$ cat data.tsv   # TSV, C-alpha atoms and all ligand atoms
chain	number	residue	atom	x	y	z
C	1	MET	CA	-133.44	130.04	-6.19
C	2	PRO	CA	-130.40	127.82	-6.64
C	3	THR	CA	-130.61	125.39	-9.54
C	4	PRO	CA	-129.20	121.85	-9.66
C	5	ALA	CA	-125.50	121.74	-10.44
C	6	ARG	CA	-124.59	121.13	-14.05
C	7	VAL	CA	-123.69	117.68	-15.20
C	8	ARG	CA	-122.29	118.64	-18.62
C	9	ALA	CA	-118.90	120.19	-19.19
C	10	ASP	CA	-118.92	123.94	-19.81
C	11	ALA	CA	-118.82	124.32	-23.61
C	12	CYS	CA	-118.75	128.12	-23.98
C	13	PRO	CA	-117.05	128.81	-27.28
C	14	GLY	CA	-113.85	130.75	-27.69
C	15	VAL	CA	-111.29	131.18	-30.44
C	16	PHE	CA	-109.34	128.01	-29.63
C	17	ALA	CA	-112.50	126.06	-28.80
C	18	PRO	CA	-115.09	127.14	-31.38
C	19	HIS	CA	-118.68	125.91	-31.32
C	20	ASP	CA	-119.60	123.57	-34.14
C	21	ALA	CA	-122.65	125.36	-35.59
C	22	ALA	CA	-124.66	124.39	-38.66
C	23	ASP	CA	-123.01	127.18	-40.66
C	24	GLY	CA	-119.50	126.17	-39.57
C	25	PRO	CA	-117.26	126.87	-36.57
C	26	LEU	CA	-118.37	129.81	-34.40
C	27	ALA	CA	-115.63	131.71	-32.55
C	28	ARG	CA	-116.34	134.14	-29.73
C	29	VAL	CA	-113.93	137.00	-29.04
C	30	ARG	CA	-114.10	138.54	-25.58
C	31	LEU	CA	-113.98	142.31	-25.20
C	32	PRO	CA	-113.70	143.12	-21.47
C	33	GLY	CA	-115.86	146.16	-20.74
C	34	GLY	CA	-116.91	146.03	-24.41
C	35	ALA	CA	-113.94	148.24	-25.22
C	36	VAL	CA	-112.50	147.99	-28.70
C	37	SER	CA	-110.12	150.41	-30.38
C	38	ALA	CA	-110.47	151.63	-33.97
C	39	ALA	CA	-107.50	149.47	-35.02
C	40	GLN	CA	-109.08	146.43	-33.37
C	41	LEU	CA	-112.39	147.10	-35.14
C	42	ARG	CA	-110.54	147.11	-38.45
C	43	ALA	CA	-108.75	143.90	-37.48
C	44	LEU	CA	-112.08	142.25	-36.63
C	45	ALA	CA	-113.50	143.33	-39.99
C	46	ASP	CA	-110.46	141.79	-41.70
C	47	CYS	CA	-110.90	138.58	-39.67
C	48	ALA	CA	-114.58	138.34	-40.62
C	49	GLU	CA	-113.72	138.59	-44.29
C	50	ALA	CA	-110.58	136.47	-44.27
C	51	CYS	CA	-111.68	133.68	-41.93
C	52	GLY	CA	-115.46	133.87	-41.38
C	53	ASP	CA	-118.77	134.66	-43.05
C	54	GLY	CA	-117.86	138.32	-43.60
C	55	ASP	CA	-119.95	139.67	-40.70
C	56	LEU	CA	-119.41	140.51	-37.05
C	57	HIS	CA	-122.13	139.31	-34.67
C	58	LEU	CA	-122.60	141.16	-31.35
C	59	THR	CA	-123.52	139.11	-28.27
C	60	SER	CA	-125.67	139.85	-25.24
C	61	ARG	CA	-122.54	139.94	-23.07
C	62	GLY	CA	-120.84	142.73	-24.95
C	63	ASN	CA	-118.59	140.37	-26.92
C	64	VAL	CA	-118.40	139.61	-30.64
C	65	GLN	CA	-118.64	136.39	-32.61
C	66	LEU	CA	-117.43	135.28	-36.00
C	67	ARG	CA	-119.47	132.61	-37.74
C	68	GLY	CA	-118.52	130.18	-40.47
C	69	VAL	CA	-114.84	130.28	-39.50
C	70	THR	CA	-113.67	127.73	-42.04
C	71	ARG	CA	-110.39	129.34	-43.04
C	72	PRO	CA	-107.21	129.39	-40.87
C	73	GLY	CA	-105.39	132.29	-39.30
C	74	LEU	CA	-107.96	133.74	-36.89
C	75	ALA	CA	-105.95	133.30	-33.67
C	76	THR	CA	-102.84	134.85	-35.20
C	77	ARG	CA	-104.76	137.85	-36.50
C	78	LEU	CA	-106.50	138.40	-33.16
C	79	THR	CA	-103.27	138.02	-31.20
C	80	ASP	CA	-101.54	140.58	-33.43
C	81	ALA	CA	-104.44	142.98	-32.77
C	82	GLY	CA	-104.17	142.53	-28.97
C	83	LEU	CA	-107.55	140.79	-28.84
C	84	LEU	CA	-106.25	137.50	-27.52
C	85	PRO	CA	-103.82	138.42	-24.73
C	86	SER	CA	-103.96	135.11	-22.88
C	87	PRO	CA	-104.80	131.85	-24.69
C	88	SER	CA	-105.26	130.09	-21.35
C	89	HIS	CA	-107.81	132.65	-20.10
C	90	GLU	CA	-109.58	133.64	-23.31
C	91	ARG	CA	-112.98	132.17	-22.37
C	92	VAL	CA	-113.09	133.65	-18.84
C	93	ARG	CA	-112.59	137.31	-19.83
C	94	ASN	CA	-116.30	138.06	-19.48
C	95	VAL	CA	-116.54	141.56	-18.05
C	96	LEU	CA	-119.34	144.12	-18.44
C	97	ALA	CA	-119.01	147.83	-17.67
C	98	SER	CA	-121.56	150.64	-17.99
C	99	PRO	CA	-121.04	151.72	-21.63
C	100	LEU	CA	-121.65	155.43	-21.03
C	101	SER	CA	-119.43	155.61	-17.97
C	102	GLY	CA	-117.18	158.65	-17.97
C	103	LEU	CA	-119.14	160.17	-20.86
C	104	THR	CA	-122.40	161.20	-19.24
C	105	GLY	CA	-124.37	160.20	-16.14
C	106	GLY	CA	-123.39	157.62	-13.54
C	107	LEU	CA	-121.79	158.12	-10.14
C	108	ALA	CA	-118.27	156.87	-10.88
C	109	ASP	CA	-116.07	156.31	-13.89
C	110	VAL	CA	-115.62	152.55	-14.26
C	111	ARG	CA	-113.89	152.54	-17.65
C	112	GLY	CA	-110.46	151.59	-16.32
C	113	LEU	CA	-111.77	148.94	-13.92
C	114	ALA	CA	-112.66	146.41	-16.59
C	115	PHE	CA	-109.20	146.79	-18.10
C	116	SER	CA	-107.51	146.33	-14.70
C	117	LEU	CA	-109.66	143.32	-13.90
C	118	ASP	CA	-108.78	141.74	-17.23
C	119	ARG	CA	-105.08	142.13	-16.55
C	120	LEU	CA	-105.36	140.64	-13.05
C	121	LEU	CA	-107.61	137.85	-14.33
C	122	CYS	CA	-105.15	136.86	-17.03
C	123	SER	CA	-102.24	136.86	-14.59
C	124	THR	CA	-104.00	134.60	-12.08
C	125	PRO	CA	-103.43	130.96	-13.16
C	126	GLU	CA	-106.22	129.53	-10.95
C	127	LEU	CA	-108.81	131.59	-12.82
C	128	ALA	CA	-108.08	129.95	-16.16
C	129	SER	CA	-110.46	127.15	-15.12
C	130	LEU	CA	-113.33	129.47	-14.20
C	131	PRO	CA	-116.47	128.46	-16.16
C	132	GLY	CA	-116.85	130.42	-19.39
C	133	ARG	CA	-120.30	131.54	-18.23
C	134	PHE	CA	-119.00	133.32	-15.13
C	135	LEU	CA	-119.65	137.03	-15.59
C	136	PHE	CA	-118.05	140.07	-13.91
C	137	ALA	CA	-119.59	143.54	-14.04
C	138	PHE	CA	-118.83	147.13	-13.06
C	139	ASP	CA	-121.91	149.33	-12.85
C	140	ASP	CA	-121.26	153.06	-12.56
C	141	GLY	CA	-124.35	153.51	-10.40
C	142	ARG	CA	-126.95	153.99	-13.10
C	143	GLY	CA	-128.09	150.36	-12.78
C	144	ASP	CA	-127.66	149.39	-16.42
C	145	VAL	CA	-125.27	146.44	-16.23
C	146	ALA	CA	-126.14	145.52	-12.62
C	147	GLY	CA	-129.31	143.99	-14.02
C	148	GLU	CA	-127.52	141.85	-16.60
C	149	GLY	CA	-127.16	138.78	-14.41
C	150	ALA	CA	-123.47	139.04	-13.52
C	151	ASP	CA	-122.14	136.54	-11.01
C	152	VAL	CA	-120.26	139.29	-9.23
C	153	CYS	CA	-120.77	143.01	-9.76
C	154	TRP	CA	-119.34	146.12	-8.19
C	155	ARG	CA	-121.98	148.81	-8.27
C	156	ALA	CA	-121.01	152.40	-7.53
C	157	THR	CA	-122.86	154.18	-4.76
C	158	GLY	CA	-120.70	157.28	-5.05
C	159	HIS	CA	-117.59	158.59	-6.79
C	160	SER	CA	-115.25	156.25	-4.90
C	161	SER	CA	-117.57	153.89	-3.06
C	162	GLY	CA	-119.67	150.93	-4.06
C	163	THR	CA	-121.42	147.76	-3.07
C	164	LEU	CA	-120.88	144.13	-3.99
C	165	LEU	CA	-123.65	142.18	-5.72
C	166	LEU	CA	-123.62	138.39	-6.06
C	167	ALA	CA	-125.89	136.91	-8.73
C	168	GLY	CA	-127.73	140.24	-8.75
C	169	GLY	CA	-128.35	140.27	-4.97
C	170	ASP	CA	-126.87	142.93	-2.69
C	171	THR	CA	-124.49	141.36	-0.16
C	172	GLY	CA	-124.44	144.54	1.94
C	173	ARG	CA	-120.66	144.53	1.62
C	174	ARG	CA	-119.29	147.99	0.90
C	175	VAL	CA	-116.18	148.11	-1.26
C	176	ALA	CA	-114.21	151.22	-2.19
C	177	ARG	CA	-113.64	151.81	-5.90
C	178	ALA	CA	-109.91	151.37	-5.31
C	179	ASP	CA	-110.54	147.83	-4.02
C	180	ALA	CA	-113.21	146.82	-6.54
C	181	VAL	CA	-110.98	144.86	-8.90
C	182	SER	CA	-109.31	142.78	-6.20
C	183	ALA	CA	-112.66	142.18	-4.50
C	184	LEU	CA	-114.14	140.73	-7.69
C	185	VAL	CA	-111.11	138.54	-8.29
C	186	ASP	CA	-111.26	137.28	-4.68
C	187	VAL	CA	-114.91	136.31	-5.20
C	188	ALA	CA	-114.02	134.46	-8.41
C	189	LEU	CA	-111.18	132.60	-6.66
C	190	GLU	CA	-113.47	131.58	-3.81
C	191	PHE	CA	-116.14	130.50	-6.29
C	192	GLY	CA	-113.55	128.34	-8.02
C	193	ARG	CA	-112.74	126.65	-4.69
C	194	VAL	CA	-116.33	125.87	-3.69
C	195	ARG	CA	-118.22	125.54	-6.97
C	196	GLY	CA	-118.04	121.78	-7.45
C	197	SER	CA	-119.86	121.32	-10.78
C	198	ALA	CA	-121.68	124.69	-10.66
C	199	TRP	CA	-121.12	127.16	-13.49
C	200	ARG	CA	-122.78	130.19	-11.93
C	201	VAL	CA	-123.01	131.72	-8.44
C	202	ALA	CA	-126.81	131.39	-8.60
C	203	GLU	CA	-126.37	127.60	-8.67
C	204	LEU	CA	-124.67	127.47	-5.26
C	205	ASP	CA	-126.81	126.26	-2.37
C	206	ASP	CA	-124.90	128.08	0.39
C	207	PRO	CA	-127.03	131.11	1.46
C	208	ALA	CA	-123.79	133.07	2.03
C	209	TRP	CA	-123.64	133.41	-1.77
C	210	HIS	CA	-127.08	134.96	-2.10
C	211	GLY	CA	-127.60	138.64	-1.38
C	212	ALA	CA	-130.81	140.56	-0.87
C	213	PRO	CA	-132.83	140.96	-4.09
C	214	VAL	CA	-132.29	144.31	-5.77
C	215	PRO	CA	-135.28	145.89	-7.57
C	216	ARG	CA	-134.83	145.65	-11.32
C	217	PHE	CA	-135.38	148.78	-13.38
C	218	ASP	CA	-135.44	148.92	-17.14
C	219	VAL	CA	-132.67	151.47	-17.64
C	220	PRO	CA	-132.87	153.09	-21.09
C	221	VAL	CA	-130.39	151.64	-23.54
C	222	PRO	CA	-128.16	154.35	-25.08
C	223	VAL	CA	-129.35	154.83	-28.65
C	224	GLY	CA	-129.13	157.68	-31.12
C	225	LEU	CA	-127.16	160.87	-30.64
C	226	ILE	CA	-126.18	161.41	-26.99
C	227	THR	CA	-125.06	164.77	-25.66
C	228	ARG	CA	-122.01	164.51	-23.46
C	229	ASP	CA	-119.44	166.88	-22.02
C	230	GLY	CA	-117.70	168.57	-24.90
C	231	GLY	CA	-119.54	166.90	-27.75
C	232	PHE	CA	-121.58	163.89	-28.69
C	233	ALA	CA	-121.54	160.15	-28.30
C	234	ALA	CA	-123.69	157.83	-30.38
C	235	GLY	CA	-125.63	154.69	-29.56
C	236	VAL	CA	-125.57	152.57	-32.73
C	237	VAL	CA	-128.13	149.78	-33.22
C	238	PRO	CA	-127.23	147.29	-35.97
C	239	ARG	CA	-130.14	145.14	-37.12
C	240	PHE	CA	-130.14	141.89	-35.14
C	241	GLY	CA	-126.72	142.87	-33.78
C	242	GLN	CA	-125.05	141.97	-37.05
C	243	LEU	CA	-122.52	144.14	-38.88
C	244	SER	CA	-120.89	143.65	-42.24
C	245	ALA	CA	-117.12	144.16	-42.43
C	246	THR	CA	-117.80	147.37	-44.36
C	247	GLN	CA	-120.05	148.65	-41.56
C	248	VAL	CA	-117.41	147.77	-38.94
C	249	ARG	CA	-114.81	149.79	-40.86
C	250	ALA	CA	-117.26	152.70	-41.09
C	251	LEU	CA	-117.64	152.62	-37.29
C	252	ALA	CA	-113.84	152.55	-36.90
C	253	SER	CA	-113.59	155.80	-38.84
C	254	PHE	CA	-115.04	157.52	-35.75
C	255	GLY	CA	-112.46	156.01	-33.38
C	256	ALA	CA	-112.88	153.54	-30.54
C	257	ALA	CA	-116.20	151.90	-29.66
C	258	VAL	CA	-117.85	150.12	-26.77
C	259	VAL	CA	-119.89	146.99	-27.48
C	260	THR	CA	-122.89	146.92	-25.13
C	261	PRO	CA	-124.73	143.91	-23.67
C	262	TRP	CA	-127.77	144.99	-25.73
C	263	LYS	CA	-126.29	144.07	-29.12
C	264	SER	CA	-125.52	147.68	-29.85
C	265	LEU	CA	-122.43	149.89	-29.71
C	266	VAL	CA	-121.54	153.24	-28.23
C	267	LEU	CA	-119.20	155.53	-30.10
C	268	PRO	CA	-117.70	157.79	-27.41
C	269	ASP	CA	-116.75	160.46	-29.95
C	270	ALA	CA	-119.24	161.10	-32.71
C	271	PRO	CA	-120.08	164.04	-34.94
C	272	ALA	CA	-123.64	165.37	-34.93
C	273	ASP	CA	-124.26	163.84	-38.37
C	274	VAL	CA	-122.87	160.42	-37.44
C	275	PHE	CA	-125.92	158.47	-38.61
C	276	GLU	CA	-126.14	160.26	-41.93
C	277	ARG	CA	-122.50	159.40	-42.48
C	278	LEU	CA	-122.85	155.79	-41.32
C	279	GLY	CA	-126.05	155.14	-43.22
C	280	PHE	CA	-127.24	152.67	-40.57
C	281	GLY	CA	-127.73	152.22	-36.84
C	282	GLY	CA	-129.81	155.29	-36.00
C	283	GLU	CA	-133.02	153.45	-35.22
C	284	PRO	CA	-134.18	152.66	-31.69
C	285	LEU	CA	-133.59	149.23	-30.24
C	286	GLY	CA	-136.08	146.83	-31.77
C	287	THR	CA	-136.80	143.22	-32.54
C	288	SER	CA	-134.05	140.80	-31.61
C	289	ALA	CA	-133.61	137.19	-32.65
C	290	CYS	CA	-131.28	134.28	-32.21
C	291	VAL	CA	-129.43	133.24	-35.34
C	292	GLY	CA	-132.09	130.63	-36.22
C	293	ARG	CA	-131.98	128.69	-39.47
C	294	PRO	CA	-129.78	128.02	-41.34
C	295	GLY	CA	-127.03	128.89	-38.83
C	296	CYS	CA	-128.33	126.75	-35.96
C	297	MET	CA	-129.27	123.11	-36.41
C	298	LYS	CA	-131.69	123.26	-33.45
C	299	SER	CA	-133.81	126.00	-34.96
C	300	ARG	CA	-137.31	125.25	-36.20
C	301	ALA	CA	-137.47	128.35	-38.41
C	302	ASP	CA	-135.59	131.14	-40.12
C	303	VAL	CA	-136.50	133.42	-37.21
C	304	ARG	CA	-134.76	136.54	-38.52
C	305	ALA	CA	-136.71	136.36	-41.76
C	306	ASP	CA	-139.96	135.82	-39.87
C	307	ALA	CA	-139.19	138.53	-37.31
C	308	GLU	CA	-138.23	141.28	-39.73
C	309	PHE	CA	-136.47	144.02	-37.80
C	310	ARG	CA	-138.98	146.41	-36.29
C	311	PRO	CA	-137.48	149.41	-34.50
C	312	GLY	CA	-139.09	150.04	-31.13
C	313	LEU	CA	-140.73	146.60	-30.86
C	314	ARG	CA	-139.06	144.77	-27.98
C	315	ALA	CA	-139.78	141.22	-29.02
C	316	HIS	CA	-137.24	138.40	-29.06
C	317	PHE	CA	-137.60	135.60	-31.60
C	318	SER	CA	-136.06	132.22	-30.78
C	319	GLY	CA	-135.77	129.12	-32.93
C	320	CYS	CA	-136.17	126.86	-29.89
C	321	GLU	CA	-136.82	127.01	-26.14
C	322	ARG	CA	-133.20	127.80	-25.38
C	323	ARG	CA	-133.84	131.45	-26.29
C	324	CYS	CA	-130.20	132.36	-27.04
C	325	GLY	CA	-129.41	136.06	-26.81
C	326	LYS	CA	-132.71	137.08	-25.27
C	327	PRO	CA	-132.65	140.54	-23.71
C	328	SER	CA	-132.70	140.85	-19.94
C	329	GLN	CA	-135.18	143.74	-20.18
C	330	SER	CA	-138.91	143.15	-20.48
C	331	HIS	CA	-139.86	141.92	-23.95
C	332	VAL	CA	-142.37	139.83	-25.87
C	333	ASP	CA	-141.18	136.21	-25.96
C	334	VAL	CA	-141.62	134.62	-29.41
C	335	VAL	CA	-140.56	130.96	-29.84
C	336	ALA	CA	-140.78	128.99	-33.07
C	337	GLU	CA	-142.86	125.86	-33.38
C	338	ASP	CA	-143.88	123.93	-36.46
C	339	GLY	CA	-146.00	126.24	-38.62
C	340	GLY	CA	-146.01	129.20	-36.26
C	341	TYR	CA	-144.83	130.72	-33.00
C	342	ARG	CA	-145.66	130.83	-29.30
C	343	VAL	CA	-146.05	134.52	-28.48
C	344	ASP	CA	-145.81	134.90	-24.71
C	345	GLY	CA	-147.08	131.33	-24.54
C	346	ARG	CA	-150.00	131.86	-26.96
C	347	TRP	CA	-150.00	129.85	-30.19
C	348	VAL	CA	-150.00	132.04	-33.31
C	349	PRO	CA	-149.91	130.56	-36.85
C	350	LEU	CA	-147.18	132.05	-39.05
C	351	GLU	CA	-149.66	133.86	-41.32
C	352	GLU	CA	-151.13	135.71	-38.32
C	353	LEU	CA	-147.80	136.58	-36.71
C	354	LYS	CA	-147.41	140.13	-37.99
C	355	GLY	CA	-150.84	141.21	-36.78
C	356	SER	CA	-150.33	139.69	-33.36
C	357	LEU	CA	-147.28	141.75	-32.35
C	401	LIG	S1	-132.39	129.66	-29.38
C	401	LIG	FE1	-132.30	127.54	-30.14
C	401	LIG	S2	-132.46	127.79	-32.34
C	401	LIG	FE2	-131.86	129.78	-31.54
C	401	LIG	S3	-129.63	129.82	-31.68
C	401	LIG	FE3	-130.21	129.11	-29.62
C	401	LIG	S4	-130.19	126.88	-29.78
C	401	LIG	FE4	-130.28	127.69	-31.87
$ encode --input "data.tsv" --output "structure tokens" --more "lines below"
Ligand code: SF4
Amino acid sequence: MPTPARVRADACPGVFAPHDAADGPLARVRLPGGAVSAAQLRALADCAEACGDGDLHLTSRGNVQLRGVTRPGLATRLTDAGLLPSPSHERVRNVLASPLSGLTGGLADVRGLAFSLDRLLCSTPELASLPGRFLFAFDDGRGDVAGEGADVCWRATGHSSGTLLLAGGDTGRRVARADAVSALVDVALEFGRVRGSAWRVAELDDPAWHGAPVPRFDVPVPVGLITRDGGFAAGVVPRFGQLSATQVRALASFGAAVVTPWKSLVLPDAPADVFERLGFGGEPLGTSACVGRPGCMKSRADVRADAEFRPGLRAHFSGCERRCGKPSQSHVDVVAEDGGYRVDGRWVPLEELKGSL
């Protein structure tokens, strides 16, 4: 169902346009396809310590954020690390890709597609004005990122064939893997021409932009030790998607990583004892929460303290109705109010919260 066009300007944060949060400027760093090298992980850890609050915060779009960025030098550090290749396009490099692609499962290897799309995106001047909320995705056929609400998604139907989804709906348009990148860029260019004040494809009224609904499946999120050809990968789950600089450097000791849209990471190459060596991240996906108090001035509560991280419990705590960072998979919806929470719409006083989940 199309929604009314936006009347506010798109204020998605970036590095050059940080969000003014209660705990200081918040900078978002885009990682197309979630891909980040070991050297870039170390650079991000250094940035968190030198410029921010010392932590790295994962987002539900497979990007990372630095909070409390009160000291200078972030853009220079990120540019030197290759994490800010195009100042004019930094906020539009929102690209998801199936995190386990090429490692295990899936119908096609989409790892290189996100990289190619990023390069084409950054070299197309018209796309610099794309809304920062516009999301691209490459799903390798397993259906994991196709359900993450991308504006335009290429979903593999075979090794070299795929289909085009718009706002999660199947357009029926078949696109070869070799043409996937240009097809997604063409859609973004056309969206830019017709969007008016819309930020997302779902906001367009023209039925030509709405495909047939695709059934949504809860695809398991990669967590724990994962057997793959020739070794292991690891799905690492930091509590509330937050990593200290020390933890980020520990991850980098195992090589490159992929940040997932589920506030977790995949290490493509991991030893069998990776979690013993890391000392964190081996639990299943659990409670998630927005940043809450004191980081967000809109929050009615310190939601992370109230939530406590509970592995296996898919509940999302929000400090207000905006529900930032809520998972796209099925979950218990927990929203703060004065003195308690609404749990799936039911009022629960704070003292009874633990027993009600
Ligand atoms: S859900 Fe509300 S309280 Fe939480 S971070 Fe978003 S705006 Fe702030």
$ closest_atom_pairs --input "data.tsv" --of "chain C" --to "ligand LIG 401 (chain C)" --cutoff "8 Å" --atoms "all atoms listed in the file" --output "CSV"
residue,atom,partner,partner_atom,distance
C:Ala289,CA,C:LIG401,FE2,7.7
C:Cys290,CA,C:LIG401,FE2,4.6
C:Val291,CA,C:LIG401,S3,5.0
C:Gly292,CA,C:LIG401,FE2,4.8
C:Arg293,CA,C:LIG401,S2,7.2
C:Gly295,CA,C:LIG401,S3,7.7
C:Cys296,CA,C:LIG401,FE4,4.6
C:Met297,CA,C:LIG401,FE4,6.5
C:Lys298,CA,C:LIG401,S2,4.7
C:Ser299,CA,C:LIG401,S2,3.4
C:Arg300,CA,C:LIG401,S2,6.7
C:Ala301,CA,C:LIG401,S2,7.9
C:Ser318,CA,C:LIG401,S1,4.7
C:Gly319,CA,C:LIG401,S2,3.6
C:Cys320,CA,C:LIG401,FE1,3.9
C:Glu321,CA,C:LIG401,FE1,6.1
C:Arg322,CA,C:LIG401,S1,4.5
C:Arg323,CA,C:LIG401,S1,3.9
C:Cys324,CA,C:LIG401,FE3,4.1
C:Gly325,CA,C:LIG401,S1,7.5
$ closest_atom_pairs --input "data.tsv" --of "stretch 194-220 of chain C" --to "stretch 170-185 of chain C" --cutoff "8 Å" --atoms "all atoms listed in the file" --output "Markdown table"
| residue | atom | partner | partner_atom | distance |
| --- | --- | --- | --- | --- |
| C:His210 | CA | C:Thr171 | CA | 7.2 |
| C:Gly211 | CA | C:Thr171 | CA | 4.3 |
| C:Ala212 | CA | C:Asp170 | CA | 4.9 |
| C:Pro213 | CA | C:Asp170 | CA | 6.4 |
| C:Val214 | CA | C:Asp170 | CA | 6.4 |
$ residues_near_point --input "data.tsv" --point "(-129.1, 145.8, -13.9)" --cutoff "10 Å" --atoms "all atoms listed in the file" --output "number ranges by chain"
C: 98, 137, 139, 141-150, 153, 155, 168, 214-219, 328-329
$ atom_distance --input "data.tsv" --atom1 "atom CA of C:Trp209" --atom2 "atom CA of C:Ser161"
21.4 Å
$ residues_around --input "data.tsv" --residues "C:Glu90" --least-positions-apart "2" --cutoff "8 Å" --atoms "only C-alpha atoms" --output "list in words"
Gly14, Val15, Val29, Arg30, Leu84, Pro85, Ser86, Pro87, Ser88, Val92 and Arg93 of chain C
$ residues_near_point --input "data.tsv" --point "(-123.2, 149.0, -28.9)" --cutoff "9 Å" --atoms "only C-alpha atoms" --output "JSON list (two decimals) with C-alpha atoms, keeping the file's coordinate frame"
[["chain", "number", "residue", "atom", "x", "y", "z"],
["C", 34, "GLY", "CA", -116.91, 146.03, -24.41],
["C", 58, "LEU", "CA", -122.60, 141.16, -31.35],
["C", 62, "GLY", "CA", -120.84, 142.73, -24.95],
["C", 99, "PRO", "CA", -121.04, 151.72, -21.63],
["C", 222, "PRO", "CA", -128.16, 154.35, -25.08],
["C", 223, "VAL", "CA", -129.35, 154.83, -28.65],
["C", 234, "ALA", "CA", -123.69, 157.83, -30.38],
["C", 235, "GLY", "CA", -125.63, 154.69, -29.56],
["C", 236, "VAL", "CA", -125.57, 152.57, -32.73],
["C", 237, "VAL", "CA", -128.13, 149.78, -33.22],
["C", 238, "PRO", "CA", -127.23, 147.29, -35.97],
["C", 241, "GLY", "CA", -126.72, 142.87, -33.78],
["C", 257, "ALA", "CA", -116.20, 151.90, -29.66],
["C", 258, "VAL", "CA", -117.85, 150.12, -26.77],
["C", 259, "VAL", "CA", -119.89, 146.99, -27.48],
["C", 260, "THR", "CA", -122.89, 146.92, -25.13],
["C", 261, "PRO", "CA", -124.73, 143.91, -23.67],
["C", 262, "TRP", "CA", -127.77, 144.99, -25.73],
["C", 263, "LYS", "CA", -126.29, 144.07, -29.12],
["C", 264, "SER", "CA", -125.52, 147.68, -29.85],
["C", 265, "LEU", "CA", -122.43, 149.89, -29.71],
["C", 266, "VAL", "CA", -121.54, 153.24, -28.23],
["C", 267, "LEU", "CA", -119.20, 155.53, -30.10]]
$ residues_around --input "data.tsv" --residues "C:Ala307" --least-positions-apart "5" --cutoff "9 Å" --atoms "only C-alpha atoms" --output "list in words"
Thr287, Ser288, Ala289, Asp302, Ala315, His316, Phe317, Leu353 and Lys354 of chain C
$ atom_distance --input "data.tsv" --atom1 "atom CA of C:Thr79" --atom2 "atom CA of C:Ala39"
12.8 Å
$ atom_distance --input "data.tsv" --atom1 "atom CA of C:Trp199" --atom2 "atom CA of C:Cys12"
10.8 Å
$ axis_aligned_box --input "data.tsv" --around "stretch 101-107 of chain C" --padding-each-side "5 Å" --output "JSON"
{"center_x": -120.8, "center_y": 158.4, "center_z": -15.5, "size_x": 17.2, "size_y": 15.6, "size_z": 20.7}
